[in-house]
Number of protein chains: 2
Amino acid sequence: MRPAKINLLVGTDVVDNESLAKLAKHSNIYRLEDIAEDRLGDTLPVIDALLIFSWPKQLTPENLQKMTRLKFLQSILAGVNHIPFANLNKGATVSSNAGAYSDEVGEYAWALLLAAAKRVVQFHVSLRQEKWTLRRTLDTGTEVTILHDKVLGIIGFGGIGTSVARIATGFGMRISAFSRKTKHVKGVRVYSGEKGLEVLLGESDALVLALPLTNQTTRIINRERLAQMKSTAVLVNVARGELVDEKAMYDHLVANPNFRYATDVWWYKESRESLKTDYPFLSLPNFIGTPHVSGPSGSATGRPVKAAVENTIRFLEGLKPKNIVDPREYLTSYPY
Amino acid sequence: MRPAKINLLVGTDVVDNESLAKLAKHSNIYRLEDIAEDRLGDTLPVIDALLIFSWPKQLTPENLQKMTRLKFLQSILAGVNHIPFANLNKGATVSSNAGAYSDEVGEYAWALLLAAAKRVVQFHVSLRQEKWTLRRTLDTGTEVTILHDKVLGIIGFGGIGTSVARIATGFGMRISAFSRKTKHVKGVRVYSGEKGLEVLLGESDALVLALPLTNQTTRIINRERLAQMKSTAVLVNVARGELVDEKAMYDHLVANPNFRYATDVWWYKESRESLKTDYPFLSLPNFIGTPHVSGPSGSATGRPVKAAVENTIRFLEGLKPKNIVDPREYLTSYPY
C-alpha cells in the first residue's frame, strides 16, 4: 500500500511557488538546497520521488546509493541522458520531459538552419572584418541557399521534430522524417530503419537532428553517414552534441566547404557538455555554434516546469506517469 | 503606328541566351556591352526600349539625353529607385520587377529575423572570442525571444510582405501588415494610414520592412517612429537602407540594448548603396548586417530574368506591361 504522503525531494530551484504548493498537497516536500550536507545521509533513505533540472551535484554516487526507496524520478530537462541510470535504485521509474520545449527548440532549429543556409553569420563576420563586398562581387562558395521546394530531413520525429516540420510548410519545403516508429503524418515522408535513414540523408538539402541521446543514437552521425549527405547540405543540431562524431565532423567540414554544420549543443568532455572542442570548429566559416540556449529561456521556464510538475503529481496520485523512458537505452553510469 | 520591329537595348549581361532569342523575335536587339563607346552617340537615339539590371555606367547623363525615342524601360531588379526618372525621355514608361524575388527575399527576411530574435550572431561571435558561457550562466540582456503567439508587423504588403506572412503562420505568430491599399487577407490584420502605422509599430514584437523606396517612404523609420516601437522589438530590413534614418537608428540601438536591427540593405553614400556607414553599427551587439545578398542568387537569377523578359515582350507586342510605376513617386534625378 502506498503511504498517505510520499516524500518528494525537489533538487532544483527552478520550481515556482505555485507549483510547490500544488506538490505539497500530495507529498511531503524536501528541498535539496535546504538540507545541510551532514543531514543528507538521514534524509535520502526516506525519499520516494525526485524532481530535478540538471543533475544535482549533492547527489554523488555515495549519496545516490542511500536513496533505496526511490521509486520515481522526473526530469524538467526534456532529455534524460544526464541521469546516472546504472546508479539508481533498481526499479525506479524515470520520466523525461519530452515535448516540453518543442516550440522553443523548433524555432531555434530554424534560426540555425536559416543562419547557415543564408550564411548570415559568415557575411556578418566578414563585414566586421571590413571585407566590404556587396553581393555582386562575392566570391564563389558564398551562395545563399534557397529553401523553397527543397527537401528538409528531420532525424527524430517527436515533439521537436514535429514543431520543425510545421514551420517547414511555411517555407514550401518537402519534408522527410526519420522515426523509429512508423508514422503516418500528412505531408511528411516518414522513413524507418537503417536503409530509410540512408535514403533520407541522401535526398535532404537541409537536416535537423532532433533525437534523444541513447545507446542507439550516440554518434549516429559518423563518417559514413556524413558521406551519404549532399556535399552542399546544411545540418542543424538542437538535440545533443554526442549524436555527432566530433573528429568526423571536423574533417567533413574542412573537406566540404559548402557543407554547413550549425549546432546549439556540444560534445561531452569529462562527462559534461563543454564549449571546448578537440578541433578548432569556431575558426571554420561553415560552422555556427551557440552555447545551448535553445531551450529554457526566461519566458519558457514556466511551461516546462508546469509539465514536469503535472507529471510528478500523476505519480503522487498513483496514476501512471507519462514519458517513462526505457532505462536499457541509457546504460549511463554515474558520470560526474 | 508602331514600327514593325522595335529597337531594344539590353543593358546587362544577366539575360540568358534563350531569353535573348525570345526577345529577338519581337525586336532588334542591341547589346550595350557590344557597342563601342564612340558608337553610342549614333545608337542611343534609335532605341525604343531598354532592359537593365543595375543602372549601366555607360548611360551617363549626356548619353541618356540622346535617348529621345525611349518609350519603355524594364528593370530586372525588383526596385526601381536606382533609375534616374528625372533624366528619362518624357513619357517613357518604367516597369519594376515587383514580386520577382519575393520567395527568396521572404526567406532571407526570416533568416535575419530569427538570427536577431535568437541572438545567433551575438552568441556565435562571443564564442569566437572565447567567452565560454553555457546557457545557465548567461548575462541578462541575452534572452532568446520566443516568437510563438507574438505579433509580427509587416510594413509593405506586396510580394515580399505576403511571402513573409506565409512563413509566419508556421511559427504560430499573429500577423499585422501595413499597406497603402486596404486589403482583406485571411489571418492578417491590415492597417493603412498614419494612425494605422502607429498602432502596428506599437503592437509588434518583430517587424519586417518590405516597402519600395519612394518619396513617401524615404526615412519612414525615423526617430519618432522608432520611439513608437517596443524597446525589445526586432526590426528587419530587406527592402532599402534609406527607408531608415541612419543617425536615429544608431542612437536608438545604443539607447535600447534589447532592441535589434538586422539589415541586408544599406544607406546611400554618394548616391550608391554603401557598406561604409557614418556610425559604427558593426560594433554593436544588437545590430546584424549582411551585404545585400537576399535577392539575386545563383539559382534565383533565372526566374526574375524570365519575369522581366516576359514583361518586356508584353510591351514589344503592344500590350500594356505589368508593374508600371508612378514616376511622381521617384523624383530621383541622375544619381551618379
# chains A, B, ... in the order shown; residues from 1 in each chain; ligands from 1
$ select_by_dssp --residues "range 110-335 of chain B" --states "helix (DSSP H, G or I)" --output "MDAnalysis selection string"
chainID B and resid 110:117 120:128 135:137 159:170 193:203 223:228 241:243 246:255 281:283 302:316 327:329
$ closest_atom_pairs --of "chain B" --to "chain A" --cutoff "8 Å" --atoms "only C-alpha atoms" --output "Markdown table"
| residue | atom | partner | partner_atom | distance |
| --- | --- | --- | --- | --- |
| B:Asp103 | CA | A:His148 | CA | 7.4 |
| B:Glu104 | CA | A:Ile146 | CA | 6.4 |
| B:Glu107 | CA | A:Phe171 | CA | 7.3 |
| B:Tyr108 | CA | A:Lys118 | CA | 6.9 |
| B:Trp110 | CA | A:Leu114 | CA | 7.6 |
| B:Ala111 | CA | A:Leu114 | CA | 4.9 |
| B:Leu112 | CA | A:Val120 | CA | 7.3 |
| B:Leu114 | CA | A:Ala111 | CA | 4.8 |
| B:Ala115 | CA | A:Ala111 | CA | 5.7 |
| B:Lys118 | CA | A:Ala111 | CA | 6.8 |
| B:Val120 | CA | A:Thr290 | CA | 6.6 |
| B:Val121 | CA | A:Val121 | CA | 5.6 |
| B:Phe123 | CA | A:Thr290 | CA | 5.4 |
| B:His124 | CA | A:Thr290 | CA | 5.3 |
| B:Val125 | CA | A:Val125 | CA | 7.9 |
| B:Leu127 | CA | A:Thr290 | CA | 7.2 |
| B:Arg128 | CA | A:Leu282 | CA | 5.9 |
| B:Trp132 | CA | A:Leu275 | CA | 6.3 |
| B:Thr133 | CA | A:Pro291 | CA | 6.6 |
| B:Leu134 | CA | A:Pro291 | CA | 4.9 |
| B:Arg135 | CA | A:Val293 | CA | 5.2 |
| B:Glu143 | CA | A:Ser297 | CA | 6.5 |
| B:Val144 | CA | A:Ser297 | CA | 6.4 |
| B:Ile146 | CA | A:Glu104 | CA | 6.4 |
| B:Leu147 | CA | A:Glu107 | CA | 7.6 |
| B:His148 | CA | A:Asp103 | CA | 7.4 |
| B:Arg166 | CA | A:Gly170 | CA | 5.7 |
| B:Ile167 | CA | A:Gly170 | CA | 4.1 |
| B:Ala168 | CA | A:Gly170 | CA | 7.1 |
| B:Thr169 | CA | A:Gly170 | CA | 6.7 |
| B:Gly170 | CA | A:Ile167 | CA | 4.1 |
| B:Phe171 | CA | A:Ile167 | CA | 5.7 |
| B:Leu275 | CA | A:Trp132 | CA | 6.3 |
| B:Lys276 | CA | A:Trp132 | CA | 8.0 |
| B:Leu282 | CA | A:Arg128 | CA | 5.9 |
| B:Ser283 | CA | A:Arg128 | CA | 7.6 |
| B:Ile288 | CA | A:His124 | CA | 6.5 |
| B:Gly289 | CA | A:His124 | CA | 5.5 |
| B:Thr290 | CA | A:His124 | CA | 5.3 |
| B:Pro291 | CA | A:Leu134 | CA | 4.9 |
| B:His292 | CA | A:Arg135 | CA | 5.6 |
| B:Val293 | CA | A:Arg135 | CA | 5.2 |
| B:Ser294 | CA | A:Val144 | CA | 7.7 |
| B:Ser297 | CA | A:Val144 | CA | 6.4 |
| B:Gly298 | CA | A:Glu143 | CA | 6.7 |
| B:Ser299 | CA | A:Ile146 | CA | 7.5 |
| B:Ala300 | CA | A:Ile146 | CA | 8.0 |
$ closest_residue --among "A:Ser204, A:Gln216, A:Ser231, A:Asn63" --to "Asn87 in chain A" --atoms "only C-alpha atoms"
A:Asn63
$ residues_around --residues "Asp38 in chain A" --least-positions-apart "4" --cutoff "12 Å" --atoms "only C-alpha atoms" --output "VMD selection string"
chain A and resid 34 42 to 44 58 63
$ select_by_dssp --residues "range 30-242 of chain B" --states "strand (DSSP E)" --output "PyMOL selection string"
chain B and resi 30-31+49-52+72-75+93-95+151-155+174-178+188-191+206-209+234-237
$ atom_distance --atom1 "CA of Leu50 in chain B" --atom2 "CA of Gly161 in chain B"
28.4 Å
$ atom_distance --atom1 "CA of Val236 in chain B" --atom2 "CA of Pro285 in chain B"
15.1 Å
$ residues_around --residues "Gly193 in chain A" --least-positions-apart "6" --cutoff "9 Å" --atoms "only C-alpha atoms" --output "list in words"
Phe178, Ser179 and Arg180 of chain A
$ atom_distance --atom1 "CA of Val234 in chain B" --atom2 "CA of Leu152 in chain B"
9.5 Å
$ closest_residue --among "A:Thr182, A:Gly241, A:Thr218, A:Leu235" --to "Asp205 in chain A" --atoms "only C-alpha atoms"
A:Leu235
$ residues_around --residues "range 6-15 of chain A" --least-positions-apart "3" --cutoff "6 Å" --atoms "only C-alpha atoms" --output "CSV table (one decimal) with all heavy atoms, in the first residue's frame"
chain,number,residue,atom,x,y,z
A,27,SER,N,2.3,15.5,-1.3
A,27,SER,CA,3.6,15.0,-0.8
A,27,SER,C,4.2,15.8,0.3
A,27,SER,O,3.8,16.9,0.6
A,27,SER,CB,4.6,15.0,-2.0
A,27,SER,OG,4.9,16.3,-2.4
A,28,ASN,N,5.1,15.2,1.1
A,28,ASN,CA,6.0,16.0,2.0
A,28,ASN,C,7.2,16.4,1.1
A,28,ASN,O,8.0,15.6,0.6
A,28,ASN,CB,6.5,15.1,3.1
A,28,ASN,CG,5.3,14.5,3.9
A,28,ASN,OD1,4.4,15.2,4.3
A,28,ASN,ND2,5.4,13.2,4.1
A,29,ILE,N,7.3,17.7,1.0
A,29,ILE,CA,8.4,18.2,0.1
A,29,ILE,C,9.7,18.4,0.9
A,29,ILE,O,9.7,19.1,2.0
A,29,ILE,CB,8.0,19.5,-0.5
A,29,ILE,CG1,6.8,19.3,-1.5
A,29,ILE,CG2,9.1,20.2,-1.2
A,29,ILE,CD1,6.4,20.4,-2.3
A,30,TYR,N,10.8,17.9,0.4
A,30,TYR,CA,12.1,18.2,0.9
A,30,TYR,C,12.8,19.0,-0.2
A,30,TYR,O,12.8,18.6,-1.3
A,30,TYR,CB,12.9,17.0,1.2
A,30,TYR,CG,12.3,16.1,2.3
A,30,TYR,CD1,11.2,15.3,2.1
A,30,TYR,CD2,12.9,16.1,3.6
A,30,TYR,CE1,10.7,14.6,3.1
A,30,TYR,CE2,12.4,15.3,4.6
A,30,TYR,CZ,11.3,14.6,4.4
A,30,TYR,OH,10.8,13.8,5.4
A,31,ARG,N,13.4,20.2,0.2
A,31,ARG,CA,14.1,20.9,-0.8
A,31,ARG,C,15.6,20.7,-0.6
A,31,ARG,O,16.1,21.0,0.5
A,31,ARG,CB,13.8,22.4,-0.7
A,31,ARG,CG,12.3,22.6,-1.1
A,31,ARG,CD,11.9,24.1,-1.0
A,31,ARG,NE,12.6,24.8,-2.1
A,31,ARG,CZ,12.3,26.1,-2.4
A,31,ARG,NH1,11.4,26.7,-1.7
A,31,ARG,NH2,12.9,26.7,-3.4
A,32,LEU,N,16.2,20.2,-1.6
A,32,LEU,CA,17.6,19.8,-1.5
A,32,LEU,C,18.5,20.9,-1.0
A,32,LEU,O,19.4,20.7,-0.2
A,32,LEU,CB,18.1,19.3,-2.9
A,32,LEU,CG,19.5,18.6,-2.9
A,32,LEU,CD1,19.6,17.5,-1.9
A,32,LEU,CD2,19.8,18.1,-4.3
A,47,ILE,N,13.4,9.2,0.9
A,47,ILE,CA,12.9,9.9,-0.3
A,47,ILE,C,12.2,8.8,-1.3
A,47,ILE,O,12.9,7.8,-1.6
A,47,ILE,CB,14.0,10.7,-1.0
A,47,ILE,CG1,14.5,11.8,-0.1
A,47,ILE,CG2,13.5,11.2,-2.4
A,47,ILE,CD1,13.4,12.8,0.2
A,48,ASP,N,11.0,9.1,-1.7
A,48,ASP,CA,10.3,8.2,-2.6
A,48,ASP,C,10.4,8.7,-4.1
A,48,ASP,O,10.3,8.0,-5.0
A,48,ASP,CB,8.8,8.1,-2.3
A,48,ASP,CG,8.6,7.7,-0.8
A,48,ASP,OD1,8.9,6.5,-0.6
A,48,ASP,OD2,8.2,8.5,0.0
A,49,ALA,N,10.4,10.1,-4.2
A,49,ALA,CA,10.3,10.6,-5.5
A,49,ALA,C,11.3,11.8,-5.6
A,49,ALA,O,11.6,12.5,-4.6
A,49,ALA,CB,8.9,11.1,-5.9
A,50,LEU,N,11.8,12.1,-6.8
A,50,LEU,CA,12.8,13.1,-7.0
A,50,LEU,C,12.5,13.9,-8.3
A,50,LEU,O,12.1,13.4,-9.3
A,50,LEU,CB,14.2,12.4,-7.2
A,50,LEU,CG,15.4,13.2,-7.5
A,50,LEU,CD1,15.7,14.2,-6.4
A,50,LEU,CD2,16.6,12.3,-7.7
A,51,LEU,N,12.5,15.2,-8.1
A,51,LEU,CA,12.2,16.2,-9.2
A,51,LEU,C,13.5,17.0,-9.4
A,51,LEU,O,13.9,17.7,-8.5
A,51,LEU,CB,11.0,17.1,-8.9
A,51,LEU,CG,10.7,18.2,-9.8
A,51,LEU,CD1,10.3,17.6,-11.2
A,51,LEU,CD2,9.5,19.0,-9.3
A,52,ILE,N,14.1,16.9,-10.6
A,52,ILE,CA,15.3,17.6,-10.9
A,52,ILE,C,15.3,18.4,-12.2
A,52,ILE,O,14.5,18.1,-13.1
A,52,ILE,CB,16.5,16.6,-10.9
A,52,ILE,CG1,16.3,15.6,-12.0
A,52,ILE,CG2,16.8,16.0,-9.5
A,52,ILE,CD1,17.6,14.9,-12.4
A,53,PHE,N,16.3,19.3,-12.3
A,53,PHE,CA,16.5,20.0,-13.6
A,53,PHE,C,17.8,19.4,-14.1
A,53,PHE,O,17.8,18.3,-14.6
A,53,PHE,CB,16.6,21.5,-13.3
A,53,PHE,CG,16.7,22.4,-14.5
A,53,PHE,CD1,15.6,22.6,-15.3
A,53,PHE,CD2,17.9,23.1,-14.8
A,53,PHE,CE1,15.7,23.4,-16.5
A,53,PHE,CE2,17.9,23.9,-16.0
A,53,PHE,CZ,16.8,24.0,-16.8
$ residues_around --residues "Ala98 in chain B" --least-positions-apart "3" --cutoff "10 Å" --atoms "only C-alpha atoms" --output "ChimeraX atom specification"
/B:75-80,95,101-102,158-160,212,304,307-308,322-325
$ residues_around --residues "Leu88 in chain B" --least-positions-apart "6" --cutoff "8 Å" --atoms "only C-alpha atoms" --output "JSON, numbers by chain"
{"B": [64, 65, 67, 70]}
